[in-house]
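Text of input-v6.pdb (PDB, C-alpha atoms) as supplied:
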ATOM      1  CA  MET A 274     -22.783 -13.053 -14.299
ATOM      2  CA  GLU A 275     -20.731 -10.008 -13.382
ATOM      3  CA  LEU A 276     -22.470  -9.922 -10.012
ATOM      4  CA  ILE A 277     -21.140 -13.400  -9.213
ATOM      5  CA  LEU A 278     -17.663 -12.387 -10.419
ATOM      6  CA  PHE A 279     -17.858  -9.283  -8.222
ATOM      7  CA  TYR A 280     -18.797 -11.333  -5.157
ATOM      8  CA  ILE A 281     -15.962 -13.807  -5.774
ATOM      9  CA  ALA A 282     -13.427 -10.993  -6.209
ATOM     10  CA  SER A 283     -14.684  -9.267  -3.047
ATOM     11  CA  ALA A 284     -14.382 -12.508  -1.083
ATOM     12  CA  VAL A 285     -10.831 -12.964  -2.369
ATOM     13  CA  ALA A 286      -9.960  -9.364  -1.432
ATOM     14  CA  ILE A 287     -11.315  -9.614   2.114
ATOM     15  CA  LEU A 288      -9.852 -13.088   2.732
ATOM     16  CA  ALA A 289      -6.426 -12.066   1.443
ATOM     17  CA  THR A 290      -6.464  -8.897   3.558
ATOM     18  CA  VAL A 291      -7.395 -10.790   6.712
ATOM     19  CA  PHE A 292      -4.732 -13.414   5.993
ATOM     20  CA  ALA A 293      -2.164 -10.684   5.295
ATOM     21  CA  LEU A 294      -2.760  -8.870   8.567
ATOM     22  CA  THR A 295      -2.704 -12.054  10.688
ATOM     23  CA  ARG A 296       0.594 -13.523   9.445
ATOM     24  CA  SER A 297       3.615 -13.432  11.718
ATOM     25  CA  ASN A 298       6.178 -13.273   8.907
ATOM     26  CA  ALA A 299       6.200  -9.952   7.062
ATOM     27  CA  ALA A 300       7.233 -11.460   3.706
ATOM     28  CA  HIS A 301       4.353 -13.959   3.752
ATOM     29  CA  ALA A 302       1.964 -11.148   4.661
ATOM     30  CA  LEU A 303       3.248  -9.153   1.701
ATOM     31  CA  ILE A 304       2.322 -11.932  -0.756
ATOM     32  CA  TYR A 305      -1.245 -11.975   0.595
ATOM     33  CA  LEU A 306      -1.391  -8.173   0.459
ATOM     34  CA  ILE A 307      -0.410  -8.214  -3.225
ATOM     35  CA  VAL A 308      -3.208 -10.735  -3.888
ATOM     36  CA  SER A 309      -5.627  -8.421  -2.072
ATOM     37  CA  LEU A 310      -4.593  -5.462  -4.239
ATOM     38  CA  LEU A 311      -4.984  -7.544  -7.397
ATOM     39  CA  ALA A 312      -8.502  -8.531  -6.268
ATOM     40  CA  VAL A 313      -9.391  -4.866  -5.763
ATOM     41  CA  ALA A 314      -8.048  -4.217  -9.270
ATOM     42  CA  VAL A 315     -10.431  -6.906 -10.595
ATOM     43  CA  ILE A 316     -13.299  -5.145  -8.782
ATOM     44  CA  PHE A 317     -12.313  -1.845 -10.444
ATOM     45  CA  PHE A 318     -12.291  -3.585 -13.815
ATOM     46  CA  LEU A 319     -15.741  -5.065 -13.227
ATOM     47  CA  LEU A 320     -16.999  -1.636 -12.155
ATOM     48  CA  GLY A 321     -16.050  -0.190 -15.531
ATOM     49  CA  ALA A 322     -12.945   1.697 -14.388
ATOM     50  CA  PRO A 323     -10.122   0.038 -16.370
ATOM     51  CA  PHE A 324      -7.710   2.957 -15.909
ATOM     52  CA  ALA A 325      -8.009   2.759 -12.118
ATOM     53  CA  ALA A 326      -7.514  -1.011 -12.336
ATOM     54  CA  ALA A 327      -4.318  -0.588 -14.349
ATOM     55  CA  LEU A 328      -3.042   2.048 -11.908
ATOM     56  CA  GLU A 329      -3.836  -0.254  -8.983
ATOM     57  CA  VAL A 330      -1.774  -3.067 -10.501
ATOM     58  CA  VAL A 331       1.112  -0.898 -11.708
ATOM     59  CA  ILE A 332       1.535   1.514  -8.790
ATOM     60  CA  TYR A 333       0.061  -0.257  -5.752
ATOM     61  CA  ALA A 334       0.911  -3.908  -6.445
ATOM     62  CA  GLY A 335       4.021  -2.950  -8.395
ATOM     63  CA  ALA A 336       5.840   0.087  -7.055
ATOM     64  CA  ILE A 337       4.644   0.439  -3.453
ATOM     65  CA  MET A 338       4.875  -3.275  -2.703
ATOM     66  CA  VAL A 339       8.389  -3.352  -4.180
ATOM     67  CA  LEU A 340       9.305  -0.676  -1.614
ATOM     68  CA  PHE A 341       8.024  -2.971   1.136
ATOM     69  CA  VAL A 342       9.990  -5.897  -0.332
ATOM     70  CA  PHE A 343      13.182  -3.811  -0.389
ATOM     71  CA  VAL A 344      12.821  -2.787   3.247
ATOM     72  CA  ILE A 345      11.983  -6.309   4.430
ATOM     73  CA  MET A 346      14.963  -7.695   2.549
ATOM     74  CA  MET A 347      17.235  -5.019   4.076
ATOM     75  CA  LEU A 348      15.974  -5.811   7.569
ATOM     76  CA  ASN A 349      16.386  -9.552   7.071
ATOM     77  CA  LEU A 350      20.059  -9.275   6.132
ATOM     78  CA  GLY A 351      21.912 -11.751   8.327
ATOM     79  CA  GLU A 352      23.165 -15.268   8.744
ATOM     80  CA  GLU A 353      19.672 -16.760   8.728
ATOM     81  CA  GLY A 354      18.962 -15.405   5.256
ATOM     82  CA  ASP A 355      19.620 -18.718   3.524
ATOM     83  CA  GLN A 356      17.435 -20.601   5.964
ATOM     84  CA  ARG A 357      14.670 -18.049   5.464
ATOM     85  CA  GLU A 358      14.997 -18.427   1.710
ATOM     86  CA  ARG A 359      14.626 -22.211   1.978
ATOM     87  CA  GLN A 360      11.597 -21.700   4.223
ATOM     88  CA  ARG A 361      10.115 -19.337   1.636
ATOM     89  CA  MET A 362      10.243 -22.110  -0.955
ATOM     90  CA  HIS A 363       8.090 -24.359   1.243
ATOM     91  CA  PRO A 364       4.688 -25.135  -0.361
ATOM     92  CA  ALA A 365       2.762 -24.132   2.752
ATOM     93  CA  VAL A 366       3.916 -20.548   2.180
ATOM     94  CA  TRP A 367       2.835 -20.007  -1.407
ATOM     95  CA  ILE A 368      -0.096 -22.391  -1.807
ATOM     96  CA  GLY A 369      -2.657 -20.022  -0.219
ATOM     97  CA  PRO A 370      -1.801 -16.932  -2.299
ATOM     98  CA  SER A 371      -1.526 -19.135  -5.396
ATOM     99  CA  ILE A 372      -5.076 -20.472  -4.956
ATOM    100  CA  LEU A 373      -6.477 -16.980  -4.396
ATOM    101  CA  SER A 374      -4.702 -15.511  -7.408
ATOM    102  CA  ALA A 375      -5.713 -18.524  -9.526
ATOM    103  CA  VAL A 376      -9.326 -17.641  -8.716
ATOM    104  CA  LEU A 377      -8.657 -14.111  -9.972
ATOM    105  CA  LEU A 378      -7.001 -15.466 -13.127
ATOM    106  CA  ILE A 379     -10.010 -17.700 -13.873
ATOM    107  CA  GLU A 380     -12.274 -14.676 -13.418
ATOM    108  CA  MET A 381     -10.210 -12.647 -15.860
ATOM    109  CA  LEU A 382     -10.301 -15.432 -18.448
ATOM    110  CA  LEU A 383     -14.075 -15.726 -17.999
ATOM    111  CA  VAL A 384     -14.502 -11.994 -18.538
ATOM    112  CA  ILE A 385     -12.370 -12.057 -21.683
ATOM    113  CA  VAL A 386     -13.944 -15.188 -23.200
ATOM    114  CA  LYS A 387     -17.596 -14.974 -22.179
ATOM    115  CA  LEU A 388     -18.386 -11.304 -21.767
ATOM    116  CA  ASP A 389     -16.157  -9.685 -24.427
ATOM    117  CA  GLY A 390     -14.917  -7.207 -21.874
ATOM    118  CA  PRO A 391     -16.669  -5.662 -18.899
ATOM    119  CA  GLN A 392     -20.277  -4.754 -19.588
ATOM    120  CA  THR A 393     -21.201  -3.518 -16.173
ATOM    121  CA  GLY A 394     -22.864  -0.194 -16.709
ATOM    122  CA  ALA A 395     -20.964   2.945 -17.568
ATOM    123  CA  LEU A 396     -17.420   2.541 -18.819
ATOM    124  CA  ILE A 397     -15.237   5.479 -17.792
ATOM    125  CA  GLY A 398     -12.038   5.226 -19.787
ATOM    126  CA  ALA A 399      -8.639   6.850 -19.549
ATOM    127  CA  LYS A 400      -9.554   9.720 -21.880
ATOM    128  CA  GLN A 401     -12.427  10.943 -19.727
ATOM    129  CA  VAL A 402     -10.294  10.596 -16.589
ATOM    130  CA  GLY A 403      -7.471  12.572 -18.199
ATOM    131  CA  LEU A 404      -9.810  15.345 -19.344
ATOM    132  CA  THR A 405     -11.240  15.637 -15.837
ATOM    133  CA  LEU A 406      -7.819  15.434 -14.192
ATOM    134  CA  PHE A 407      -6.260  18.230 -16.218
ATOM    135  CA  GLY A 408      -9.471  20.275 -16.470
ATOM    136  CA  PRO A 409     -11.191  21.121 -13.181
ATOM    137  CA  TYR A 410      -8.665  19.234 -11.032
ATOM    138  CA  VAL A 411      -5.428  20.784 -12.301
ATOM    139  CA  LEU A 412      -4.824  22.507  -8.951
ATOM    140  CA  ALA A 413      -5.051  19.104  -7.249
ATOM    141  CA  VAL A 414      -2.405  17.793  -9.661
ATOM    142  CA  GLU A 415      -0.095  20.626  -8.620
ATOM    143  CA  ILE A 416      -0.739  19.907  -4.950
ATOM    144  CA  ALA A 417      -0.037  16.194  -5.524
ATOM    145  CA  SER A 418       3.248  17.082  -7.210
ATOM    146  CA  MET A 419       4.214  19.232  -4.217
ATOM    147  CA  LEU A 420       3.265  16.348  -1.923
ATOM    148  CA  LEU A 421       5.411  13.900  -3.878
ATOM    149  CA  LEU A 422       8.313  16.367  -3.776
ATOM    150  CA  ALA A 423       7.910  16.676  -0.006
ATOM    151  CA  GLY A 424       7.846  12.871   0.274
ATOM    152  CA  LEU A 425      11.006  12.617  -1.836
ATOM    153  CA  VAL A 426      12.859  15.210   0.244
ATOM    154  CA  GLY A 427      11.634  13.634   3.483
ATOM    155  CA  ALA A 428      12.693  10.129   2.481
ATOM    156  CA  TYR A 429      16.074  11.447   1.344
ATOM    157  CA  HIS A 430      16.536  13.305   4.630
ATOM    158  CA  VAL A 431      15.688  10.267   6.764
ATOM    159  CA  GLY A 432      17.945   8.033   4.705
ATOM    160  CA  ARG A 433      20.844  10.503   4.825
ATOM    161  CA  ARG A 434      20.742  10.857   8.602
ATOM    162  CA  PHE A 435      20.465   7.093   8.861
ATOM    163  CA  ARG A 436      23.783   6.723   7.053
ATOM    164  CA  LEU A 437      25.480   9.562   8.964
ATOM    165  CA  SER A 438      24.529   8.217  12.398
ATOM    166  CA  GLU A 439      25.852   4.747  11.596
ATOM    167  CA  PRO A 440      29.340   5.140  13.138
ATOM    168  CA  ALA A 441      28.000   6.829  16.291
ATOM    169  CA  GLU A 442      26.247   4.113  18.302
ATOM    170  CA  SER A 443      25.109   6.188  21.279
ATOM    171  CA  SER A 444      22.298   8.667  20.791
ATOM    172  CA  THR A 445      24.020  11.322  22.920
ATOM    173  CA  GLY A 446      26.983  11.500  20.560
ATOM    174  CA  ASP A 447      24.563  11.760  17.671
ATOM    175  CA  SER A 448      22.656  14.634  19.242
ATOM    176  CA  SER A 449      25.849  16.525  20.119
ATOM    177  CA  GLU A 450      26.991  16.034  16.541
ATOM    178  CA  LYS A 451      23.688  17.420  15.344
ATOM    179  CA  GLY A 452      23.983  20.368  17.732
ATOM    180  CA  ALA A 453      27.471  21.124  16.478
ATOM    181  CA  LYS A 454      26.260  21.008  12.903
ATOM    182  CA  LYS A 455      23.356  23.281  13.711
ATOM    183  CA  SER A 456      25.655  25.776  15.423
ATOM    184  CA  THR A 457      27.956  25.852  12.410
ATOM    185  CA  ASP A 458      24.927  26.407  10.213
ATOM    186  CA  ASN A 459      23.896  29.303  12.405
ATOM    187  CA  GLN A 460      27.372  30.749  12.190
ATOM    188  CA  GLU A 461      27.280  30.493   8.444
ATOM    189  CA  GLN A 462      23.948  32.254   8.384
ATOM    190  CA  ALA A 463      25.264  34.981  10.639
TER     191      ALA A 463
ATOM    192  CA  MET B 635     -27.570   5.234 -10.498
ATOM    193  CA  GLU B 636     -28.936   2.831 -13.107
ATOM    194  CA  GLY B 637     -25.593   2.825 -14.907
ATOM    195  CA  LEU B 638     -24.196   0.335 -12.419
ATOM    196  CA  ALA B 639     -25.027  -3.362 -12.697
ATOM    197  CA  ILE B 640     -23.490  -4.073  -9.297
ATOM    198  CA  PRO B 641     -25.428  -2.514  -6.403
ATOM    199  CA  LEU B 642     -23.571   0.412  -4.878
ATOM    200  CA  ASN B 643     -24.469  -0.780  -1.377
ATOM    201  CA  HIS B 644     -22.579  -4.036  -1.837
ATOM    202  CA  ILE B 645     -19.430  -2.269  -3.038
ATOM    203  CA  LEU B 646     -19.592   0.085  -0.078
ATOM    204  CA  ILE B 647     -19.992  -2.918   2.235
ATOM    205  CA  VAL B 648     -16.852  -4.483   0.758
ATOM    206  CA  ALA B 649     -14.963  -1.186   1.168
ATOM    207  CA  THR B 650     -16.149  -0.955   4.773
ATOM    208  CA  LEU B 651     -14.992  -4.490   5.536
ATOM    209  CA  LEU B 652     -11.574  -3.763   4.026
ATOM    210  CA  PHE B 653     -11.365  -0.534   6.054
ATOM    211  CA  ILE B 654     -12.340  -2.347   9.262
ATOM    212  CA  SER B 655      -9.705  -5.035   8.745
ATOM    213  CA  GLY B 656      -7.093  -2.342   8.169
ATOM    214  CA  LEU B 657      -8.191  -0.479  11.295
ATOM    215  CA  ALA B 658      -8.072  -3.701  13.337
ATOM    216  CA  GLY B 659      -4.598  -4.342  11.954
ATOM    217  CA  ILE B 660      -3.436  -0.910  13.140
ATOM    218  CA  MET B 661      -4.966  -1.436  16.570
ATOM    219  CA  PHE B 662      -3.840  -4.996  17.235
ATOM    220  CA  ARG B 663      -0.481  -5.350  15.488
ATOM    221  CA  ARG B 664       2.604  -3.811  17.087
ATOM    222  CA  ASN B 665       5.075  -4.475  14.275
ATOM    223  CA  ILE B 666       5.580  -1.214  12.389
ATOM    224  CA  ILE B 667       5.719  -2.928   8.990
ATOM    225  CA  PHE B 668       2.278  -4.417   9.615
ATOM    226  CA  ILE B 669       1.012  -1.016  10.736
ATOM    227  CA  LEU B 670       2.171   0.483   7.426
ATOM    228  CA  MET B 671       0.516  -2.381   5.530
ATOM    229  CA  SER B 672      -2.743  -1.719   7.399
ATOM    230  CA  LEU B 673      -2.519   1.943   6.410
ATOM    231  CA  GLU B 674      -2.171   0.874   2.787
ATOM    232  CA  VAL B 675      -5.266  -1.326   3.109
ATOM    233  CA  MET B 676      -7.264   1.553   4.587
ATOM    234  CA  LEU B 677      -6.227   3.982   1.836
ATOM    235  CA  ASN B 678      -7.038   1.334  -0.741
ATOM    236  CA  SER B 679     -10.533   0.793   0.643
ATOM    237  CA  ALA B 680     -11.131   4.553   0.558
ATOM    238  CA  GLY B 681     -10.070   4.541  -3.081
ATOM    239  CA  LEU B 682     -12.464   1.671  -3.779
ATOM    240  CA  ALA B 683     -15.338   3.663  -2.302
ATOM    241  CA  PHE B 684     -14.396   6.709  -4.417
ATOM    242  CA  VAL B 685     -14.199   4.730  -7.655
ATOM    243  CA  ALA B 686     -17.498   2.962  -6.929
ATOM    244  CA  ALA B 687     -19.267   6.244  -6.237
ATOM    245  CA  GLY B 688     -17.751   7.852  -9.321
ATOM    246  CA  THR B 689     -18.942   4.982 -11.497
ATOM    247  CA  ALA B 690     -22.397   5.018  -9.919
ATOM    248  CA  TRP B 691     -22.895   8.647 -10.958
ATOM    249  CA  GLU B 692     -21.060   8.106 -14.260
ATOM    250  CA  GLN B 693     -18.467  10.757 -13.502
ATOM    251  CA  ALA B 694     -14.683  10.500 -13.780
ATOM    252  CA  ASP B 695     -14.115  12.414 -10.528
ATOM    253  CA  GLY B 696     -13.933   9.230  -8.484
ATOM    254  CA  GLN B 697     -10.987   7.926 -10.470
ATOM    255  CA  VAL B 698      -9.273  11.336 -10.255
ATOM    256  CA  ILE B 699      -9.539  11.244  -6.463
ATOM    257  CA  PHE B 700      -8.263   7.663  -6.561
ATOM    258  CA  MET B 701      -5.137   8.874  -8.361
ATOM    259  CA  LEU B 702      -4.628  11.555  -5.703
ATOM    260  CA  ILE B 703      -4.990   8.824  -3.058
ATOM    261  CA  LEU B 704      -2.292   6.875  -4.923
ATOM    262  CA  ALA B 705       0.049   9.882  -4.692
ATOM    263  CA  VAL B 706      -0.678  10.247  -0.971
ATOM    264  CA  ALA B 707      -0.033   6.526  -0.407
ATOM    265  CA  ALA B 708       3.262   6.636  -2.310
ATOM    266  CA  ALA B 709       4.550   9.660  -0.366
ATOM    267  CA  GLU B 710       3.382   8.233   2.961
ATOM    268  CA  VAL B 711       4.920   4.816   2.438
ATOM    269  CA  SER B 712       8.285   6.160   1.271
ATOM    270  CA  VAL B 713       8.680   8.364   4.348
ATOM    271  CA  GLY B 714       7.283   5.617   6.594
ATOM    272  CA  LEU B 715       9.702   2.992   5.341
ATOM    273  CA  GLY B 716      12.592   5.411   5.791
ATOM    274  CA  LEU B 717      11.456   5.801   9.382
ATOM    275  CA  VAL B 718      11.295   1.993   9.692
ATOM    276  CA  LEU B 719      14.964   1.752   8.727
ATOM    277  CA  GLN B 720      15.822   4.524  11.195
ATOM    278  CA  ILE B 721      13.892   2.854  14.027
ATOM    279  CA  GLN B 722      15.474  -0.513  13.331
ATOM    280  CA  ARG B 723      18.916   1.114  13.424
ATOM    281  CA  ARG B 724      18.253   3.004  16.661
ATOM    282  CA  PHE B 725      16.227   0.534  18.727
ATOM    283  CA  ARG B 726      17.215  -2.825  17.178
ATOM    284  CA  THR B 727      13.533  -3.770  17.090
ATOM    285  CA  LEU B 728      10.392  -3.160  15.044
ATOM    286  CA  ASP B 729       8.072  -3.251  18.068
ATOM    287  CA  MET B 730       6.306   0.084  18.364
ATOM    288  CA  ASP B 731       5.840  -0.305  22.109
ATOM    289  CA  GLN B 732       9.613  -0.077  22.483
ATOM    290  CA  ALA B 733       9.812   3.149  20.471
ATOM    291  CA  THR B 734       7.449   5.395  22.383
ATOM    292  CA  ARG B 735       9.797   8.344  22.952
ATOM    293  CA  LEU B 736      10.654  10.867  20.288
ATOM    294  CA  ASN B 737      14.112  11.764  21.609
ATOM    295  CA  SER B 738      15.670   8.812  23.417
TER     296      SER B 738
END
Using structure tokens, write down the structure that the file contains.
Amino acid sequence: MELILFYIASAVAILATVFALTRSNAAHALIYLIVSLLAVAVIFFLLGAPFAAALEVVIYAGAIMVLFVFVIMMLNLGEEGDQRERQRMHPAVWIGPSILSAVLLIEMLLVIVKLDGPQTGALIGAKQVGLTLFGPYVLAVEIASMLLLAGLVGAYHVGRRFRLSEPAESSTGDSSEKGAKKSTDNQEQA
Amino acid sequence: MEGLAIPLNHILIVATLLFISGLAGIMFRRNIIFILMSLEVMLNSAGLAFVAAGTAWEQADGQVIFMLILAVAAAEVSVGLGLVLQIQRRFRTLDMDQATRLNS
């Protein structure tokens, strides 16, 4: 039973990934990519890793994909936004992802009704993961926090320079501005 | 390895197929947003392999490494999308073949 569910979820994941990476419109590709991540979450759940499945849905399909949506919406700002929005409502756009995610929904209902939860081998819950994470892997947690801090500072830096260089269209003016700023910094240090 | 009802080989095959599609996406697409999406797919398939192996040996280490992969993916995609905005502002395009020089 769970083998068949696993094969269906794997087929959905691979199909949605291939569809996502062959679209021409980035927003349509994003919908397929979210379906692919949800299918991988179903595979995690069937494997007996419910905590990883929840993290996959919350962080990957939630937070990271929302970042992509923000950037695509910012890039699409223009006069053709309304026309794009009308095109997004067209059934040909959402019928494919809807069918794939309906398959995943049916699988989830089957698991809940028929199997009384996943019974595929060892169940490794959140408590065991937490004990391992803050036991032998506590140094890795610190390194991950440093990495996230570096990502935060890097994203802030890129975004700040993006706003500063907005009035200066030519790159030469921008670089001279940067050079002047660097020289003043050096003077301050001296 | 008898704790796993699903054969480990099949899960690894699925992870390999996901990784290959992500790699093909990086090689064949030239839009930087699609390149970032392909990177996400590749990281996700690596996480799938880790979780499958961790469940096969009934250890929680696989899920711990998956969480670290999540942190790496979040940091990478935030910096990458900031760079996407910068590139779109500078070059007026998302085609990576147009943006081949670091200082232009």
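What the PyMOL selection byres ((chain B and resi 658-669) around 6) matches in the given file is Leu294 of chain A; Ser655, Gly656, Leu657, Leu670, Met671, Ser672, Leu728, Asp729 and Met730 of chain B.
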Determine which residues of chain B sit within 8 Å of chain A, taking into account all atoms listed in the file, and present them as an NGL selection string. :B and (636-640 or 648 or 651-652 or 655-656 or 659 or 667-668 or 671-672 or 675 or 682 or 685-686 or 689 or 692-695 or 697-698 or 700-702 or 704-706 or 708-713 or 715-717 or 719-720 or 722-723 or 738)
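One distance worth recording is that between atom CA of Leu646 of chain B and atom CA of Gly688 of chain B, which is 12.2 Å.
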Find the residues around segment 374-376 of chain A up to 9 Å (all atoms listed in the file counted), leave out those fewer than 5 positions away in its own chain, and share them as a ChimeraX atom specification. /A:281-282,285,308-309,311-312,369,381
Requested write-out: C-alpha atoms of the selected residues, as a PDB file, in the coordinates of the input:
ATOM      1  CA  ILE A 281     -15.962 -13.807  -5.774  1.00  0.00           C
ATOM      2  CA  ALA A 282     -13.427 -10.993  -6.209  1.00  0.00           C
ATOM      3  CA  VAL A 285     -10.831 -12.964  -2.369  1.00  0.00           C
ATOM      4  CA  VAL A 308      -3.208 -10.735  -3.888  1.00  0.00           C
ATOM      5  CA  SER A 309      -5.627  -8.421  -2.072  1.00  0.00           C
ATOM      6  CA  LEU A 311      -4.984  -7.544  -7.397  1.00  0.00           C
ATOM      7  CA  ALA A 312      -8.502  -8.531  -6.268  1.00  0.00           C
ATOM      8  CA  GLY A 369      -2.657 -20.022  -0.219  1.00  0.00           C
ATOM      9  CA  MET A 381     -10.210 -12.647 -15.860  1.00  0.00           C
TER      10      MET A 381
END
Leaving out Arg735 of chain B and any residue of its chain fewer than 3 positions from it, which residues lie within 12 Å of it when counting only C-alpha atoms, given as a PyMOL selection string? chain B and resi 721+724-725+730-732+738
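Separating atom CA of Asn643 of chain B from atom CA of Val386 of chain A is a distance of 28.2 Å.
Reported to one decimal place, the separation of atom CA of Pro641 of chain B from atom CA of Ile699 of chain B is 21.0 Å.
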Kindly output segment 646-663 of chain B as a PDB file, in the coordinates of the input, after building N, CA and C atoms.
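What ended up in result-v8.pdb:
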ATOM      1  N   LEU B 646     -19.935  -0.680  -1.282  1.00  0.00           N
ATOM      2  CA  LEU B 646     -19.592   0.085  -0.078  1.00  0.00           C
ATOM      3  C   LEU B 646     -19.411  -0.843   1.117  1.00  0.00           C
ATOM      4  N   ILE B 647     -20.183  -1.946   1.146  1.00  0.00           N
ATOM      5  CA  ILE B 647     -19.992  -2.918   2.235  1.00  0.00           C
ATOM      6  C   ILE B 647     -18.604  -3.548   2.150  1.00  0.00           C
ATOM      7  N   VAL B 648     -18.189  -3.908   0.925  1.00  0.00           N
ATOM      8  CA  VAL B 648     -16.852  -4.483   0.758  1.00  0.00           C
ATOM      9  C   VAL B 648     -15.785  -3.484   1.194  1.00  0.00           C
ATOM     10  N   ALA B 649     -15.946  -2.194   0.772  1.00  0.00           N
ATOM     11  CA  ALA B 649     -14.963  -1.186   1.168  1.00  0.00           C
ATOM     12  C   ALA B 649     -14.928  -1.016   2.679  1.00  0.00           C
ATOM     13  N   THR B 650     -16.109  -1.089   3.312  1.00  0.00           N
ATOM     14  CA  THR B 650     -16.149  -0.955   4.773  1.00  0.00           C
ATOM     15  C   THR B 650     -15.447  -2.121   5.450  1.00  0.00           C
ATOM     16  N   LEU B 651     -15.656  -3.333   4.926  1.00  0.00           N
ATOM     17  CA  LEU B 651     -14.992  -4.490   5.536  1.00  0.00           C
ATOM     18  C   LEU B 651     -13.472  -4.387   5.398  1.00  0.00           C
ATOM     19  N   LEU B 652     -13.016  -3.944   4.213  1.00  0.00           N
ATOM     20  CA  LEU B 652     -11.574  -3.763   4.026  1.00  0.00           C
ATOM     21  C   LEU B 652     -11.042  -2.709   4.996  1.00  0.00           C
ATOM     22  N   PHE B 653     -11.808  -1.603   5.156  1.00  0.00           N
ATOM     23  CA  PHE B 653     -11.365  -0.534   6.054  1.00  0.00           C
ATOM     24  C   PHE B 653     -11.302  -1.038   7.490  1.00  0.00           C
ATOM     25  N   ILE B 654     -12.310  -1.845   7.882  1.00  0.00           N
ATOM     26  CA  ILE B 654     -12.340  -2.347   9.262  1.00  0.00           C
ATOM     27  C   ILE B 654     -11.171  -3.287   9.508  1.00  0.00           C
ATOM     28  N   SER B 655     -10.837  -4.133   8.527  1.00  0.00           N
ATOM     29  CA  SER B 655      -9.705  -5.035   8.745  1.00  0.00           C
ATOM     30  C   SER B 655      -8.405  -4.243   8.840  1.00  0.00           C
ATOM     31  N   GLY B 656      -8.285  -3.170   8.041  1.00  0.00           N
ATOM     32  CA  GLY B 656      -7.093  -2.342   8.169  1.00  0.00           C
ATOM     33  C   GLY B 656      -7.014  -1.654   9.520  1.00  0.00           C
ATOM     34  N   LEU B 657      -8.166  -1.150   9.984  1.00  0.00           N
ATOM     35  CA  LEU B 657      -8.191  -0.479  11.295  1.00  0.00           C
ATOM     36  C   LEU B 657      -7.843  -1.457  12.417  1.00  0.00           C
ATOM     37  N   ALA B 658      -8.402  -2.688  12.324  1.00  0.00           N
ATOM     38  CA  ALA B 658      -8.072  -3.701  13.337  1.00  0.00           C
ATOM     39  C   ALA B 658      -6.593  -4.051  13.286  1.00  0.00           C
ATOM     40  N   GLY B 659      -6.026  -4.070  12.067  1.00  0.00           N
ATOM     41  CA  GLY B 659      -4.598  -4.342  11.954  1.00  0.00           C
ATOM     42  C   GLY B 659      -3.776  -3.265  12.643  1.00  0.00           C
ATOM     43  N   ILE B 660      -4.171  -1.986  12.471  1.00  0.00           N
ATOM     44  CA  ILE B 660      -3.436  -0.910  13.140  1.00  0.00           C
ATOM     45  C   ILE B 660      -3.561  -1.037  14.646  1.00  0.00           C
ATOM     46  N   MET B 661      -4.768  -1.426  15.122  1.00  0.00           N
ATOM     47  CA  MET B 661      -4.966  -1.436  16.570  1.00  0.00           C
ATOM     48  C   MET B 661      -4.297  -2.637  17.241  1.00  0.00           C
ATOM     49  N   PHE B 662      -4.273  -3.789  16.541  1.00  0.00           N
ATOM     50  CA  PHE B 662      -3.840  -4.996  17.235  1.00  0.00           C
ATOM     51  C   PHE B 662      -2.407  -5.407  16.925  1.00  0.00           C
ATOM     52  N   ARG B 663      -1.859  -4.970  15.790  1.00  0.00           N
ATOM     53  CA  ARG B 663      -0.481  -5.350  15.488  1.00  0.00           C
ATOM     54  C   ARG B 663       0.465  -4.317  16.085  1.00  0.00           C
TER      55      ARG B 663
END
